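Here's the structure we're looking at; comments come further down.
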Amino acid sequence: MRIELSSGSIDYQDTGGEGPVLVFAHGLPMNETQWRKVIPLLDGYRCVLPTLPLGGHRVPMKPDADLSQTGVALLLGEFIERLGLDEVTLVLNDWGGGQFLVSEGRAERIARMVLVACEAFDNFPPGPAKAMARVCGLPGGVRLLTQLMRIPAFRHHRSGYGGMSLRGIPDEIMNDWFAPASRSGAIRRDFAKFATGAPDRATLLAMSERLREFDRPVLVVWAAEDRLMPREHGPRLAGLYPRGRLVEIADSSTLVPEDQPERLVEVLTGFLAETGAEPFRRAG
């Protein structure tokens with residue numbers, strides 16, 4: 001499915017149904033397949049998965065689109081509003097910018113958040129990805145990156161995408177994530193905009209402080225073997241929210257949906273049930 005928003009067209013998947021709405025966001029330059037192991041385990045929920053313009057999107061945004069962290073967060077908010085979704089559970093992994101719906105005063109449709117091993121505080125982009133962001137800011141930098149990603153030793157290096165999953169991201173999945181930027185100069189333009197669109201450290205920390213205003217339930221899920229998101233950010237992030245709680249998942253790196261999907265679904269559905277979002281069960 002596809003919807004036209006102010007910055008351009010957004011592709012999305014929607015499982016439909018009458019259950020509570022879960023909106024899943026992904027990382028750079030990923031897409032909805034980041035959650036492919038999780039969604040089939042969420043019977044009784046309506047799962048909505050937009051492919052945000054983080055570099056893995058298939059349709060370029062308008063040339064003047066704001067694809068900064070706050071720009072994409074506001075685009076996510078517009079997507080939720082245009083679909084008429086309410087009482088949404090927003091689920092983030094890797095990309096943490098969806099939280100900025102709170103700091104921008106646009107979280108009225110968000111009933112709860114689930115923050116899974118994601119960027120937080122001044123870790124935008126995560127430490128090992130800062131070098132990649134600098135490359136993306138150079139002329140031809142994103143094209144160079146897509147070419148390097150064809151080399152197995154680079155693709156699977158532990159200081160890059162190879163370190164995001166202990167199990168290893170299948171080549172066909174990673175090929176799909178990088179294919180749009182490999183083919184389209186306009187997608188590479190969008191990729192570079194987002195990759196270089198993080199605010200400075202002082203602004204990020206000020207935005208983080210505003211997250212204290214979110215008085216609804218927040219589940220923070222952190223990965224014990226994460227190489228990108230500092231381990232101390234998990235309890236610090238959970239403590240930031242008035243109704244935050246922390247669960248740490250062992251034997252996983254950043255992409256918990258890849259490494260530990262069953263355990264993630266277990267803690268996710270437990271949190272949903274405890275906070276009033278029971279799955280829909282058809283009578284009879």
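Ordered as shown in the structure tokens, chains take letters A, B, and onward, while each chain numbers its residues from 1 and ligands are numbered from 1 in the order shown.
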
Quick one: which segment 75-132 of chain A residues come within 10 Å of segment 223-238 of chain A, and what is the nearest atom pair for each with the distance in Å to one decimal, counting only C-alpha atoms, rows ordered by chain and ascending number, as JSON lines?
```
{"residue": "A:Asp94", "atom": "CA", "partner": "A:Met229", "partner_atom": "CA", "distance": 8.4}
{"residue": "A:Leu115", "atom": "CA", "partner": "A:Leu237", "partner_atom": "CA", "distance": 9.0}
{"residue": "A:Val116", "atom": "CA", "partner": "A:Ala223", "partner_atom": "CA", "distance": 8.0}
{"residue": "A:Ala117", "atom": "CA", "partner": "A:Ala223", "partner_atom": "CA", "distance": 6.1}
{"residue": "A:Cys118", "atom": "CA", "partner": "A:Met229", "partner_atom": "CA", "distance": 6.6}
{"residue": "A:Glu119", "atom": "CA", "partner": "A:Met229", "partner_atom": "CA", "distance": 6.5}
{"residue": "A:Ala120", "atom": "CA", "partner": "A:His233", "partner_atom": "CA", "distance": 7.1}
{"residue": "A:Phe121", "atom": "CA", "partner": "A:His233", "partner_atom": "CA", "distance": 8.1}
{"residue": "A:Asn123", "atom": "CA", "partner": "A:Met229", "partner_atom": "CA", "distance": 7.5}
{"residue": "A:Phe124", "atom": "CA", "partner": "A:Met229", "partner_atom": "CA", "distance": 9.9}
{"residue": "A:Pro125", "atom": "CA", "partner": "A:Leu228", "partner_atom": "CA", "distance": 9.2}
{"residue": "A:Pro126", "atom": "CA", "partner": "A:Leu228", "partner_atom": "CA", "distance": 5.6}
{"residue": "A:Gly127", "atom": "CA", "partner": "A:Leu228", "partner_atom": "CA", "distance": 6.3}
{"residue": "A:Pro128", "atom": "CA", "partner": "A:Leu228", "partner_atom": "CA", "distance": 6.5}
{"residue": "A:Ala129", "atom": "CA", "partner": "A:Leu228", "partner_atom": "CA", "distance": 8.1}
```

Write the residues you've just listed into a file as a PDB file, in the first residue's frame, and include N, CA, C and O atoms for each of them.
```
ATOM      1  N   ASP A  94      16.676   0.374  16.532  1.00  0.00           N
ATOM      2  CA  ASP A  94      17.807   1.006  15.850  1.00  0.00           C
ATOM      3  C   ASP A  94      17.561   2.508  15.723  1.00  0.00           C
ATOM      4  O   ASP A  94      18.186   3.293  16.428  1.00  0.00           O
ATOM      5  N   LEU A 115      10.784   0.901  23.023  1.00  0.00           N
ATOM      6  CA  LEU A 115      12.061   1.368  22.483  1.00  0.00           C
ATOM      7  C   LEU A 115      13.064   0.228  22.573  1.00  0.00           C
ATOM      8  O   LEU A 115      13.534  -0.113  23.653  1.00  0.00           O
ATOM      9  N   VAL A 116      13.356  -0.375  21.429  1.00  0.00           N
ATOM     10  CA  VAL A 116      14.177  -1.577  21.379  1.00  0.00           C
ATOM     11  C   VAL A 116      15.573  -1.223  20.872  1.00  0.00           C
ATOM     12  O   VAL A 116      15.740  -0.900  19.695  1.00  0.00           O
ATOM     13  N   ALA A 117      16.563  -1.278  21.758  1.00  0.00           N
ATOM     14  CA  ALA A 117      17.962  -1.050  21.367  1.00  0.00           C
ATOM     15  C   ALA A 117      18.062   0.039  20.303  1.00  0.00           C
ATOM     16  O   ALA A 117      18.461  -0.205  19.165  1.00  0.00           O
ATOM     17  N   CYS A 118      17.706   1.262  20.683  1.00  0.00           N
ATOM     18  CA  CYS A 118      17.621   2.339  19.706  1.00  0.00           C
ATOM     19  C   CYS A 118      18.487   3.530  20.114  1.00  0.00           C
ATOM     20  O   CYS A 118      18.946   3.636  21.250  1.00  0.00           O
ATOM     21  N   GLU A 119      18.689   4.423  19.165  1.00  0.00           N
ATOM     22  CA  GLU A 119      19.423   5.652  19.428  1.00  0.00           C
ATOM     23  C   GLU A 119      18.736   6.438  20.542  1.00  0.00           C
ATOM     24  O   GLU A 119      17.510   6.451  20.638  1.00  0.00           O
ATOM     25  N   ALA A 120      19.540   7.074  21.351  1.00  0.00           N
ATOM     26  CA  ALA A 120      19.007   7.875  22.459  1.00  0.00           C
ATOM     27  C   ALA A 120      20.048   8.916  22.860  1.00  0.00           C
ATOM     28  O   ALA A 120      21.238   8.781  22.553  1.00  0.00           O
ATOM     29  N   PHE A 121      19.563   9.952  23.535  1.00  0.00           N
ATOM     30  CA  PHE A 121      20.432  11.006  24.062  1.00  0.00           C
ATOM     31  C   PHE A 121      21.267  11.610  22.931  1.00  0.00           C
ATOM     32  O   PHE A 121      20.690  12.098  21.966  1.00  0.00           O
ATOM     33  N   ASN A 123      23.442   9.887  21.030  1.00  0.00           N
ATOM     34  CA  ASN A 123      23.962   8.782  20.212  1.00  0.00           C
ATOM     35  C   ASN A 123      23.246   8.718  18.863  1.00  0.00           C
ATOM     36  O   ASN A 123      22.731   7.687  18.451  1.00  0.00           O
ATOM     37  N   PHE A 124      23.197   9.854  18.159  1.00  0.00           N
ATOM     38  CA  PHE A 124      22.592   9.978  16.833  1.00  0.00           C
ATOM     39  C   PHE A 124      23.644  10.534  15.882  1.00  0.00           C
ATOM     40  O   PHE A 124      24.013  11.711  16.012  1.00  0.00           O
ATOM     41  N   PRO A 125      24.152   9.796  14.922  1.00  0.00           N
ATOM     42  CA  PRO A 125      24.007   8.350  14.775  1.00  0.00           C
ATOM     43  C   PRO A 125      24.881   7.626  15.792  1.00  0.00           C
ATOM     44  O   PRO A 125      25.760   8.243  16.416  1.00  0.00           O
ATOM     45  N   PRO A 126      24.667   6.302  15.967  1.00  0.00           N
ATOM     46  CA  PRO A 126      25.475   5.549  16.932  1.00  0.00           C
ATOM     47  C   PRO A 126      26.956   5.634  16.599  1.00  0.00           C
ATOM     48  O   PRO A 126      27.338   5.775  15.431  1.00  0.00           O
ATOM     49  N   GLY A 127      27.781   5.525  17.632  1.00  0.00           N
ATOM     50  CA  GLY A 127      29.230   5.700  17.493  1.00  0.00           C
ATOM     51  C   GLY A 127      29.845   5.132  16.230  1.00  0.00           C
ATOM     52  O   GLY A 127      30.440   5.872  15.424  1.00  0.00           O
ATOM     53  N   PRO A 128      29.736   3.802  15.982  1.00  0.00           N
ATOM     54  CA  PRO A 128      30.374   3.226  14.791  1.00  0.00           C
ATOM     55  C   PRO A 128      29.815   3.756  13.477  1.00  0.00           C
ATOM     56  O   PRO A 128      30.471   3.654  12.444  1.00  0.00           O
ATOM     57  N   ALA A 129      28.601   4.324  13.510  1.00  0.00           N
ATOM     58  CA  ALA A 129      27.982   4.816  12.277  1.00  0.00           C
ATOM     59  C   ALA A 129      28.358   6.260  11.962  1.00  0.00           C
ATOM     60  O   ALA A 129      28.017   6.763  10.891  1.00  0.00           O
TER      61      ALA A 129
END
```

Backbone-only DSSP, helix (DSSP H, G or I) members of segment 48-246 of chain A, as a ChimeraX atom specification: /A:69-82,97-103,127-136,141-148,152-155,161-163,171-183,185-195,201-213,233-240

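Residues lying within 8 Å of Met61 of chain A, counting only C-alpha atoms and ignoring same-chain neighbours fewer than 2 positions away, are Ser7, Gly8, Ser9, Pro53, Val59, Pro63, Ala65, Ala186, Ile187 and Asp190 of chain A.
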
Could you write those residues out with N, CA, C and O atoms, as a compact mmCIF listing (two decimals), in the first residue's frame?
```
# COMPACT_ATOMS: atom_id res chain seq x y z
N SER A 7 5.64 15.27 2.25
CA SER A 7 7.01 15.18 1.74
C SER A 7 7.17 14.19 0.60
O SER A 7 8.25 14.06 0.03
N GLY A 8 6.10 13.45 0.28
CA GLY A 8 6.17 12.46 -0.77
C GLY A 8 5.37 11.22 -0.41
O GLY A 8 4.64 11.18 0.58
N SER A 9 5.52 10.18 -1.23
CA SER A 9 4.76 8.94 -1.04
C SER A 9 5.48 8.00 -0.09
O SER A 9 6.71 7.83 -0.17
N PRO A 53 11.62 7.23 4.80
CA PRO A 53 12.69 7.63 3.87
C PRO A 53 14.06 7.70 4.56
O PRO A 53 14.66 8.76 4.70
N VAL A 59 10.50 4.80 -3.21
CA VAL A 59 10.02 5.96 -3.96
C VAL A 59 10.69 7.20 -3.39
O VAL A 59 10.58 7.46 -2.19
N PRO A 63 12.16 16.81 -3.60
CA PRO A 63 13.52 17.35 -3.42
C PRO A 63 13.68 18.25 -2.20
O PRO A 63 14.76 18.32 -1.62
N ALA A 65 12.08 17.92 0.67
CA ALA A 65 11.61 17.24 1.88
C ALA A 65 12.61 17.40 3.02
O ALA A 65 13.82 17.29 2.82
N ALA A 186 18.08 9.84 -6.75
CA ALA A 186 17.19 10.57 -5.85
C ALA A 186 17.09 9.89 -4.49
O ALA A 186 17.02 10.57 -3.46
N ILE A 187 17.11 8.56 -4.49
CA ILE A 187 17.11 7.84 -3.21
C ILE A 187 18.42 8.10 -2.48
O ILE A 187 18.44 8.28 -1.25
N ASP A 190 18.19 11.33 -0.73
CA ASP A 190 17.41 11.21 0.51
C ASP A 190 18.22 10.51 1.60
O ASP A 190 18.19 10.92 2.77
```

Those in segment 31-229 of chain A with strand (DSSP E or B) from DSSP, as number ranges by chain: A: 46-51, 88-94, 110-118, 218-223

Spatial neighbours of Ala277 of chain A, max dist 9 Å, only C-alpha atoms, sep filter under 2 positions, as a ChimeraX atom specification: /A:19-21,45,89,269,271-275,279-280

Residue neighbourhood Asp259 of chain A, 7 Å, only C-alpha atoms, exclusion window fewer than 3 positions, as number ranges by chain: A: 165-167, 252, 255-256
